[in-house]
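Raw coords39.pdb, PDB, C-alpha atoms:
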```pdb
MODEL        1
ATOM      1  CA  MET A1154      12.427 -19.186   6.859
ATOM      2  CA  LYS A1155      12.690 -19.749   3.128
ATOM      3  CA  GLY A1156      15.226 -17.517   1.483
ATOM      4  CA  ALA A1157      14.233 -18.179  -2.108
ATOM      5  CA  GLU A1158      12.801 -15.056  -3.664
ATOM      6  CA  ASN A1159      10.762 -17.194  -6.061
ATOM      7  CA  ALA A1160       8.698 -18.550  -3.147
ATOM      8  CA  ILE A1161       6.387 -15.592  -3.846
ATOM      9  CA  PRO A1162       5.265 -15.611  -7.497
ATOM     10  CA  ILE A1163       6.229 -12.854  -9.943
ATOM     11  CA  ILE A1164       3.413 -12.082 -12.392
ATOM     12  CA  ASP A1165       3.811 -10.038 -15.558
ATOM     13  CA  VAL A1166       0.649  -7.921 -15.628
ATOM     14  CA  GLY A1167       1.528  -5.968 -18.759
ATOM     15  CA  ALA A1168      -0.839  -8.294 -20.616
ATOM     16  CA  LEU A1169      -3.794  -6.780 -18.743
ATOM     17  CA  ARG A1170      -3.684  -3.989 -21.305
ATOM     18  CA  GLY A1171      -4.268  -6.609 -24.014
ATOM     19  CA  ASP A1172      -7.295  -8.701 -24.998
ATOM     20  CA  ALA A1173      -9.654 -10.875 -22.954
ATOM     21  CA  ALA A1174      -7.540 -14.012 -23.442
ATOM     22  CA  ASP A1175      -4.495 -12.241 -21.950
ATOM     23  CA  THR A1176      -6.574 -11.056 -18.986
ATOM     24  CA  GLU A1177      -7.839 -14.578 -18.348
ATOM     25  CA  ARG A1178      -4.289 -15.957 -18.390
ATOM     26  CA  VAL A1179      -3.071 -13.360 -15.875
ATOM     27  CA  ALA A1180      -6.207 -13.940 -13.796
ATOM     28  CA  ARG A1181      -5.356 -17.647 -13.498
ATOM     29  CA  GLU A1182      -1.840 -16.758 -12.313
ATOM     30  CA  ILE A1183      -3.214 -14.353  -9.721
ATOM     31  CA  LEU A1184      -5.735 -16.913  -8.489
ATOM     32  CA  ALA A1185      -2.984 -19.510  -8.050
ATOM     33  CA  ALA A1186      -0.754 -17.012  -6.226
ATOM     34  CA  THR A1187      -3.462 -15.981  -3.801
ATOM     35  CA  ALA A1188      -4.342 -19.615  -3.076
ATOM     36  CA  ASP A1189      -0.735 -20.689  -2.538
ATOM     37  CA  VAL A1190       0.777 -17.670  -0.752
ATOM     38  CA  GLY A1191      -1.660 -14.742  -0.634
ATOM     39  CA  PHE A1192       0.993 -12.381  -1.998
ATOM     40  CA  PHE A1193       2.594 -11.866  -5.393
ATOM     41  CA  TYR A1194       4.908  -9.483  -7.203
ATOM     42  CA  VAL A1195       3.746  -7.640 -10.319
ATOM     43  CA  ARG A1196       6.068  -6.726 -13.159
ATOM     44  CA  ASN A1197       5.292  -4.399 -16.112
ATOM     45  CA  HIS A1198       2.795  -2.654 -13.866
ATOM     46  CA  GLY A1199       2.765   0.494 -15.996
ATOM     47  CA  ILE A1200       3.920   2.967 -13.320
ATOM     48  CA  ASP A1201       6.592   5.260 -14.706
ATOM     49  CA  ASP A1202       9.935   4.945 -12.937
ATOM     50  CA  GLY A1203      10.279   8.727 -12.859
ATOM     51  CA  LEU A1204       7.066   9.026 -10.834
ATOM     52  CA  ILE A1205       8.431   6.488  -8.359
ATOM     53  CA  ARG A1206      11.809   8.225  -8.016
ATOM     54  CA  ARG A1207      10.228  11.627  -7.384
ATOM     55  CA  ALA A1208       7.803  10.210  -4.818
ATOM     56  CA  VAL A1209      10.617   8.397  -3.000
ATOM     57  CA  LYS A1210      12.752  11.549  -2.941
ATOM     58  CA  ALA A1211       9.889  13.649  -1.560
ATOM     59  CA  SER A1212       9.155  10.993   1.048
ATOM     60  CA  ALA A1213      12.762  10.974   2.261
ATOM     61  CA  GLU A1214      12.798  14.772   2.430
ATOM     62  CA  PHE A1215       9.666  14.816   4.569
ATOM     63  CA  PHE A1216      10.821  12.183   7.050
ATOM     64  CA  ASP A1217      14.158  13.987   7.424
ATOM     65  CA  PHE A1218      12.441  16.938   9.108
ATOM     66  CA  PRO A1219      12.545  17.130  12.932
ATOM     67  CA  LEU A1220       9.693  15.372  14.703
ATOM     68  CA  ALA A1221       8.153  18.623  15.950
ATOM     69  CA  VAL A1222       7.939  19.915  12.378
ATOM     70  CA  LYS A1223       6.329  16.715  11.049
ATOM     71  CA  GLN A1224       3.818  16.767  13.898
ATOM     72  CA  GLN A1225       2.431  20.029  12.551
ATOM     73  CA  ALA A1226       0.663  17.775  10.040
ATOM     74  CA  ALA A1227      -0.454  15.290  12.727
ATOM     75  CA  VAL A1228      -2.870  12.528  11.748
ATOM     76  CA  ASN A1229      -6.534  13.383  12.258
ATOM     77  CA  GLN A1230      -9.761  11.427  12.774
ATOM     78  CA  LEU A1231     -10.053  10.965   9.007
ATOM     79  CA  ASN A1232      -6.744   9.063   9.032
ATOM     80  CA  ARG A1233      -4.917  11.759   7.066
ATOM     81  CA  GLY A1234      -1.536  13.191   8.045
ATOM     82  CA  PHE A1235       1.583  12.185   9.984
ATOM     83  CA  MET A1236       1.793   9.423  12.605
ATOM     84  CA  GLY A1237       4.982   9.119  14.640
ATOM     85  CA  VAL A1238       6.735   6.194  16.277
ATOM     86  CA  GLY A1239       4.651   4.897  19.182
ATOM     87  CA  GLU A1240       1.281   5.933  17.759
ATOM     88  CA  CYS A1241       0.534   2.696  15.886
ATOM     89  CA  ASN A1242      -0.570  -0.359  17.864
ATOM     90  CA  LEU A1243      -1.708  -3.184  15.599
ATOM     91  CA  ASP A1244      -4.303  -5.674  16.790
ATOM     92  CA  GLY A1245      -2.696  -8.549  18.689
ATOM     93  CA  ALA A1246       0.747  -6.931  18.939
ATOM     94  CA  SER A1247       2.494  -6.808  22.316
ATOM     95  CA  HIS A1248       4.141  -3.455  21.598
ATOM     96  CA  HIS A1249       3.718  -0.424  19.372
ATOM     97  CA  CYS A1250       5.219  -0.426  15.879
ATOM     98  CA  LEU A1251       8.556   1.267  15.264
ATOM     99  CA  LYS A1252       7.574   3.260  12.208
ATOM    100  CA  GLU A1253       6.539   6.683  10.978
ATOM    101  CA  VAL A1254       3.687   7.019   8.484
ATOM    102  CA  PHE A1255       2.192   9.761   6.359
ATOM    103  CA  PHE A1256      -1.368   9.068   5.189
ATOM    104  CA  TRP A1257      -3.383  10.652   2.409
ATOM    105  CA  GLY A1258      -6.300   9.700   0.207
ATOM    106  CA  PRO A1259      -8.850  10.987  -2.305
ATOM    107  CA  GLN A1260      -9.102  14.747  -2.001
ATOM    108  CA  ALA A1261     -12.677  15.497  -0.934
ATOM    109  CA  VAL A1262     -14.232  18.885  -0.288
ATOM    110  CA  GLN A1263     -14.968  19.238   3.405
ATOM    111  CA  THR A1264     -18.757  19.563   3.548
ATOM    112  CA  SER A1265     -21.322  18.810   6.205
ATOM    113  CA  THR A1266     -22.131  15.574   4.355
ATOM    114  CA  ALA A1267     -18.478  14.543   4.169
ATOM    115  CA  LEU A1268     -17.986  15.235   7.866
ATOM    116  CA  ASP A1269     -20.547  12.536   8.657
ATOM    117  CA  ARG A1270     -18.715   9.885   6.624
ATOM    118  CA  PRO A1271     -15.639   8.060   7.982
ATOM    119  CA  LEU A1272     -12.353   8.522   6.096
ATOM    120  CA  VAL A1273     -13.825  11.150   3.737
ATOM    121  CA  GLY A1274     -12.468  14.681   3.785
ATOM    122  CA  ALA A1275      -9.553  16.944   3.013
ATOM    123  CA  ASN A1276      -5.943  15.791   3.180
ATOM    124  CA  VAL A1277      -3.443  17.206   5.673
ATOM    125  CA  TRP A1278      -0.427  18.319   3.643
ATOM    126  CA  PRO A1279       2.696  19.423   5.560
ATOM    127  CA  GLU A1280       3.552  23.119   5.351
ATOM    128  CA  CYS A1281       7.240  22.242   5.752
ATOM    129  CA  LEU A1282       7.294  20.572   2.321
ATOM    130  CA  PRO A1283       4.689  21.956  -0.106
ATOM    131  CA  SER A1284       6.177  19.836  -2.904
ATOM    132  CA  LEU A1285       5.153  16.607  -1.154
ATOM    133  CA  GLN A1286       1.637  16.789  -2.581
ATOM    134  CA  THR A1287       2.738  17.612  -6.118
ATOM    135  CA  GLU A1288       5.388  14.861  -6.139
ATOM    136  CA  ILE A1289       3.370  11.985  -4.674
ATOM    137  CA  TRP A1290      -0.039  12.701  -6.213
ATOM    138  CA  PRO A1291       0.869  11.585  -9.773
ATOM    139  CA  TYR A1292       2.405   8.421  -8.295
ATOM    140  CA  TYR A1293      -0.775   7.827  -6.282
ATOM    141  CA  GLU A1294      -2.954   8.174  -9.383
ATOM    142  CA  ALA A1295      -0.731   5.747 -11.309
ATOM    143  CA  VAL A1296      -0.908   3.185  -8.495
ATOM    144  CA  MET A1297      -4.699   3.534  -8.330
ATOM    145  CA  SER A1298      -4.910   2.950 -12.082
ATOM    146  CA  CYS A1299      -2.771  -0.175 -11.726
ATOM    147  CA  GLY A1300      -4.964  -1.316  -8.848
ATOM    148  CA  HIS A1301      -8.106  -1.039 -10.952
ATOM    149  CA  ARG A1302      -6.493  -3.188 -13.669
ATOM    150  CA  LEU A1303      -5.584  -5.791 -11.061
ATOM    151  CA  LEU A1304      -9.118  -5.759  -9.660
ATOM    152  CA  SER A1305     -10.456  -6.434 -13.144
ATOM    153  CA  ALA A1306      -8.225  -9.504 -13.377
ATOM    154  CA  ILE A1307      -9.209 -10.596  -9.871
ATOM    155  CA  ALA A1308     -12.874 -10.310 -10.832
ATOM    156  CA  VAL A1309     -12.247 -12.580 -13.826
ATOM    157  CA  ALA A1310     -10.376 -14.999 -11.540
ATOM    158  CA  MET A1311     -13.467 -15.093  -9.308
ATOM    159  CA  GLY A1312     -15.694 -15.906 -12.279
ATOM    160  CA  LEU A1313     -17.177 -12.417 -12.430
ATOM    161  CA  ARG A1314     -17.332  -9.888 -15.253
ATOM    162  CA  PRO A1315     -14.199  -7.698 -15.551
ATOM    163  CA  ASN A1316     -15.969  -4.470 -14.512
ATOM    164  CA  PHE A1317     -17.490  -5.974 -11.353
ATOM    165  CA  PHE A1318     -15.337  -3.947  -8.941
ATOM    166  CA  LYS A1319     -15.468  -0.786 -11.045
ATOM    167  CA  SER A1320     -19.171  -0.468 -10.349
ATOM    168  CA  ARG A1321     -18.523  -0.973  -6.616
ATOM    169  CA  TYR A1322     -15.645   1.523  -6.417
ATOM    170  CA  ARG A1323     -17.166   4.544  -8.132
ATOM    171  CA  HIS A1324     -15.911   6.675  -5.215
ATOM    172  CA  SER A1325     -12.789   4.870  -4.086
ATOM    173  CA  LEU A1326     -11.369   5.325  -0.581
ATOM    174  CA  GLY A1327      -7.950   4.149  -1.792
ATOM    175  CA  ARG A1328      -5.465   5.307   0.850
ATOM    176  CA  GLY A1329      -1.821   6.137   0.283
ATOM    177  CA  GLN A1330       0.947   5.694   2.842
ATOM    178  CA  LEU A1331       4.549   6.804   2.993
ATOM    179  CA  LEU A1332       6.430   4.572   5.444
ATOM    180  CA  HIS A1333       9.686   5.203   7.270
ATOM    181  CA  TYR A1334      11.281   2.613   9.540
ATOM    182  CA  PRO A1335      13.966   4.200  11.755
ATOM    183  CA  GLN A1336      16.705   2.013  13.176
ATOM    184  CA  HIS A1337      15.462  -0.018  16.129
ATOM    185  CA  PRO A1338      16.512   1.577  19.422
ATOM    186  CA  ALA A1339      18.680  -0.423  21.803
ATOM    187  CA  GLU A1340      15.795  -0.649  24.286
ATOM    188  CA  ALA A1341      13.404  -2.238  21.752
ATOM    189  CA  PHE A1342      11.813  -5.530  22.792
ATOM    190  CA  THR A1343      12.798  -8.704  20.959
ATOM    191  CA  ASP A1344       9.173  -9.125  19.813
ATOM    192  CA  GLN A1345       8.833  -5.523  18.655
ATOM    193  CA  PHE A1346       8.726  -4.821  14.933
ATOM    194  CA  GLY A1347       8.770  -1.983  12.447
ATOM    195  CA  ALA A1348       5.284  -3.217  11.586
ATOM    196  CA  ALA A1349       3.935  -6.088  13.707
ATOM    197  CA  PRO A1350       2.333  -9.124  12.025
ATOM    198  CA  HIS A1351      -1.069  -8.140  10.651
ATOM    199  CA  THR A1352      -3.512  -8.440   7.775
ATOM    200  CA  ASP A1353      -4.515  -5.419   5.705
ATOM    201  CA  PHE A1354      -8.145  -4.454   6.143
ATOM    202  CA  GLY A1355      -8.720  -3.123   2.613
ATOM    203  CA  CYS A1356      -9.251  -4.858  -0.712
ATOM    204  CA  ILE A1357      -5.729  -5.027  -2.184
ATOM    205  CA  THR A1358      -2.446  -3.373  -1.217
ATOM    206  CA  LEU A1359       0.221  -2.352  -3.724
ATOM    207  CA  LEU A1360       3.631  -1.769  -2.168
ATOM    208  CA  TRP A1361       6.833  -0.368  -3.644
ATOM    209  CA  GLN A1362       9.927  -1.440  -1.674
ATOM    210  CA  ASP A1363      13.359   0.138  -1.493
ATOM    211  CA  CYS A1364      16.482  -2.024  -1.274
ATOM    212  CA  SER A1365      16.406  -2.267   2.539
ATOM    213  CA  GLY A1366      14.129  -5.299   2.654
ATOM    214  CA  GLY A1367      12.526  -6.618   5.822
ATOM    215  CA  LEU A1368       9.057  -7.495   4.553
ATOM    216  CA  GLU A1369       7.983 -11.038   5.417
ATOM    217  CA  VAL A1370       4.907 -12.979   4.372
ATOM    218  CA  ARG A1371       3.260 -15.778   6.318
ATOM    219  CA  ALA A1372       2.301 -18.593   3.960
ATOM    220  CA  PRO A1373      -0.832 -20.719   4.587
ATOM    221  CA  SER A1374       1.529 -23.385   5.982
ATOM    222  CA  GLY A1375       2.554 -20.955   8.739
ATOM    223  CA  GLU A1376       6.044 -20.548   7.305
ATOM    224  CA  TRP A1377       7.438 -17.003   7.058
ATOM    225  CA  LEU A1378       8.817 -16.114   3.609
ATOM    226  CA  ALA A1379      11.121 -13.208   2.834
ATOM    227  CA  ALA A1380       9.508 -10.855   0.307
ATOM    228  CA  LYS A1381      12.848  -9.599  -0.965
ATOM    229  CA  PRO A1382      12.941  -6.360  -2.970
ATOM    230  CA  ILE A1383      12.965  -7.084  -6.699
ATOM    231  CA  ASP A1384      13.733  -4.301  -9.153
ATOM    232  CA  ASP A1385      10.848  -2.907 -11.195
ATOM    233  CA  THR A1386       8.139  -4.730  -9.248
ATOM    234  CA  LEU A1387       5.424  -4.008  -6.723
ATOM    235  CA  VAL A1388       4.280  -6.398  -3.998
ATOM    236  CA  VAL A1389       0.539  -7.078  -3.931
ATOM    237  CA  ASN A1390      -1.458  -8.694  -1.175
ATOM    238  CA  ASN A1391      -5.106  -9.450  -0.628
ATOM    239  CA  GLY A1392      -6.781  -7.687   2.264
ATOM    240  CA  ASP A1393      -9.621  -8.635   4.574
ATOM    241  CA  LEU A1394     -12.203  -6.881   2.384
ATOM    242  CA  LEU A1395     -11.261  -8.918  -0.687
ATOM    243  CA  SER A1396     -11.610 -12.054   1.412
ATOM    244  CA  ARG A1397     -15.159 -10.956   2.160
ATOM    245  CA  TRP A1398     -15.806 -10.358  -1.548
TER     246      TRP A1398
ENDMDL
END
```

As structure tokens, please, write out the structure in this file.
Amino acid sequence: MKGAENAIPIIDVGALRGDAADTERVAREILAATADVGFFYVRNHGIDDGLIRRAVKASAEFFDFPLAVKQQAAVNQLNRGFMGVGECNLDGASHHCLKEVFFWGPQAVQTSTALDRPLVGANVWPECLPSLQTEIWPYYEAVMSCGHRLLSAIAVAMGLRPNFFKSRYRHSLGRGQLLHYPQHPAEAFTDQFGAAPHTDFGCITLLWQDCSGGLEVRAPSGEWLAAKPIDDTLVVNNGDLLSRW
């Protein structure tokens, strides 16, 4: 495994709030990163550090509750709510993932029309921590805004007009996740992971990491690279849907 943190490019995306020439320059950097590695870090992403700190604090408070309490907000068929250790089995993995997850997404009114559409509906907010919604929602909106700026640059990198994805994502299904990786139990298998090797099925993923580390990226060469936590950055990767685009 390569240990060099620069194996995965770091791109300053603050210029995306500038003119067309700045966007084109960042777009070229993104295109090179996706061709070489498939992942990249973004710096100057525009998400306020205070929003991040409050979301992280609320996340830790939620996962600290006993399992039975968290399960009161159990994940539903719309993929909203809490999923405990043992409930996630990624395609191709030999064992379940050793992680807890809380899912949420765009808040939709539960109507008869919405009930017929996958992944559309009301969120499942935990009664044990009413502040979770108020603390993570502003962070979610900031991440979504950053994501739209990145998609504009990606569109330019693909030779398309900057607003190409905006017209396709008028009603985004952007999903948020809080992730908690408990310490591996002694009985864990040697090929069992917090999150088993996988590709993301969406368009792009934006990930904030704490200082614990553990994320690894498989380069096109097959080599696994450590995506070490870097202050004031997010990790971005292309999903299966963007590959289709």

Expand the PyMOL selection byres ((chain A and resi 1244) around 10) into the explicit residue set it covers here, and present it as a PyMOL selection string. chain A and resi 1241-1243+1245-1249+1349-1352

For the structure shown, which residues end up in the PyMOL selection byres ((chain A and resi 1256) around 7)? Put them as a list of chain:residue names, please? A:Asn1232, A:Arg1233, A:Gly1234, A:Phe1235, A:Val1254, A:Phe1255, A:Trp1257, A:Gly1329, A:Gln1330, A:Leu1331

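By only C-alpha atoms, and with residues fewer than 5 positions from stretch 1187-1198 of chain A along its chain excluded, the set lying at most 8 Å from it is Ile1161, Pro1162, Ile1163, Ile1164, Asp1165, Val1166, Gly1167, Cys1299, Val1370, Arg1371, Ala1372, Pro1373, Asp1385, Thr1386, Leu1387, Val1388, Val1389, Asn1390 and Asn1391 of chain A.
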
May I have the residues within 9 Å of A:Ile1307 as a ChimeraX atom specification, using all atoms listed in the file and disregarding those fewer than 6 positions away in the same chain? /A:1180-1181,1183-1184,1313,1315

Around stretch 1207-1226 of chain A, with edges along x, y and z and 8 Å added on all six sides, what centre and edge lengths do you get, in Å to one decimal, as AutoDock Vina command-line options?
```
--center_x 7.4 --center_y 14.2 --center_z 4.3 --size_x 29.5 --size_y 27.6 --size_z 39.3
```
